[in-house]
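J.: Can you keep this structure in mind? I'll have questions shortly.
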Amino acid sequence: MLELLLPLLDDLKPAFGETFLMVGISSFFAIAGGLPLGFLLYITERRLFWENQAAHAIGNVLVNIIRSLPFVILLVLLLPFTQWVLGTTIGPAAAAVPLSVAAIAFYARLVEGALCEVDPGIVEAAQAFGASPLRIVGSVLLREALPGLLRGLTVTLISLIGYSAMAGIVGGGGVGDLAIRFGYYRYQTDVMIVTVIALVILVQAVQALGDLAARRADKKG
């Protein structure tokens, strides 16, 4: 059994490297795009600083459209866009393009939900004291919603790990590609079991770190 697993470990290392690359890129765009989009949806809906129903409606519809598509369909649908951006549709970097699009919409909705949990009285008090919109966003909304934002980010990361496994269907690489090539097409059940165990351990580690960060943010709050 050990002799069968040793070659598999050599394949697992680059596979995990590709998975981390896909999840890392898409996580960056989830924060860079999803965080401001979530704030935009929250602010425009409650008309805190910017009364623009059109902006809220457009953002809300876009997020709902992306979230309504199963990731496998979104993956195939964005192949022409991926080809235009990177010049290829193969590899972890190419798979990170649809992953990033899905992550932005997914995290934006979680950000909006976390902001809705903030006590409106705190925001109203800050406005009464004459705090600027930027200060309310940075010192009130972001600070009060930080535990929820961290929990939402944890959920997003775990979802991206699952999505990245699907990216192996179209040559995205990663652990999912390894499981499909060896565990499914070659009927090597041991490979499937090892990759499943590795993914479970990875998800448990991400969840534990996310919970720890959220608890610390709660205490600081």
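If you're wondering about the labels, chains in the structure tokens are A, B, ... by order shown, residues count from 1 in each chain, ligands from 1 in order shown.
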Report as JSON lines: every residue of region 119-194 of chain A with an atom at most 10 Å from region 28-42 of chain A, its closest pair of atoms, and their distance in Å to one decimal, counting only C-alpha atoms, with rows sorted by chain and ascending residue number.
T.:
{"residue": "A:Val137", "atom": "CA", "partner": "A:Phe39", "partner_atom": "CA", "distance": 8.4}
{"residue": "A:Leu141", "atom": "CA", "partner": "A:Phe39", "partner_atom": "CA", "distance": 9.1}
{"residue": "A:Leu142", "atom": "CA", "partner": "A:Phe39", "partner_atom": "CA", "distance": 9.3}
{"residue": "A:Leu149", "atom": "CA", "partner": "A:Leu35", "partner_atom": "CA", "distance": 8.7}
{"residue": "A:Leu153", "atom": "CA", "partner": "A:Ile31", "partner_atom": "CA", "distance": 8.1}
{"residue": "A:Thr156", "atom": "CA", "partner": "A:Ala30", "partner_atom": "CA", "distance": 8.2}
{"residue": "A:Leu157", "atom": "CA", "partner": "A:Ala30", "partner_atom": "CA", "distance": 9.3}
J.: Name the residues of region 74-215 of chain A that fall into alpha helix (DSSP H) according to DSSP on the backbone, using the chain letters and numbers of this document, as a VMD selection string.
T.: chain A and resid 74 to 77 79 to 86 92 to 116 120 to 128 133 to 135 142 to 166 174 to 178 189 to 215
J.: Using only C-alpha atoms, can you tell me which of A:Ile193, A:Ile25, A:Leu134, A:Val203 comes closest to Pro92 (chain A)?
T.: A:Ile25
J.: Contacts of Asp119 (chain A) at 9 Å or less, counting only C-alpha atoms, minus same-chain residues fewer than 4 places along, as a ChimeraX atom specification?
T.: /A:115,123,144
J.: Which is closest to Leu79 (chain A) among A:His56, A:Glu117, A:Ala131, A:Gly171, if we use only C-alpha atoms?
T.: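 Of the candidates, the smallest distance to Leu79 (chain A) is held by A:Gly171.
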J.: Pick out the closest residue to Asp177 (chain A) from this set: A:Thr19, A:Gln127, A:Thr89, A:Asn52. Count only C-alpha atoms.
T.: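 Distance minimum relative to Asp177 (chain A) lands on A:Thr19.
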J.: Pick out the residues sitting within 7 Å of Val63 (chain A), and hand them over as a short mmCIF file (atom, residue, chain, number, x, y, z; two decimals) with all heavy atoms, in the first residue's frame; count only C-alpha atoms, and ignore anything fewer than 4 positions along from it in its own chain.
T.:
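Result file is result28.cif:
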data_model
loop_
_atom_site.label_atom_id
_atom_site.label_comp_id
_atom_site.auth_asym_id
_atom_site.auth_seq_id
_atom_site.Cartn_x
_atom_site.Cartn_y
_atom_site.Cartn_z
N GLY A 59 -26.21 46.42 -9.49
CA GLY A 59 -25.31 45.56 -8.72
C GLY A 59 -26.02 44.33 -8.19
O GLY A 59 -25.48 43.22 -8.23
N ARG A 67 -24.59 34.35 -9.19
CA ARG A 67 -24.81 33.35 -8.15
C ARG A 67 -25.84 32.30 -8.55
O ARG A 67 -25.86 31.20 -8.00
CB ARG A 67 -25.24 34.03 -6.85
CG ARG A 67 -24.16 34.87 -6.20
CD ARG A 67 -24.53 35.25 -4.78
NE ARG A 67 -24.69 34.05 -3.97
CZ ARG A 67 -25.42 34.00 -2.85
NH1 ARG A 67 -26.10 35.06 -2.48
NH2 ARG A 67 -25.49 32.89 -2.15
N ALA A 105 -18.95 37.80 -6.61
CA ALA A 105 -20.40 37.83 -6.38
C ALA A 105 -20.77 37.14 -5.08
O ALA A 105 -21.62 37.63 -4.32
CB ALA A 105 -21.12 37.18 -7.56
#
J.: Determine, counting only C-alpha atoms, which protein, DNA and RNA residues have an atom within 12 Å of an atom of Tyr163 (chain A); residues of the same chain fewer than 2 positions away are not included. Present the result as JSON, numbers by chain.
T.: {"A": [19, 22, 23, 26, 70, 71, 72, 73, 74, 75, 95, 96, 97, 98, 99, 100, 101, 102, 103, 156, 157, 158, 159, 160, 161, 165, 166, 167, 168, 169, 172, 173, 174, 175, 176, 177, 199]}
J.: With only C-alpha atoms as the atoms that count, which of A:Gly148, A:Lys13, A:Asp190, A:Leu21 lies nearest to Arg216 (chain A)?
T.: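 The shortest atom-to-atom distance to Arg216 (chain A) comes from A:Gly148.
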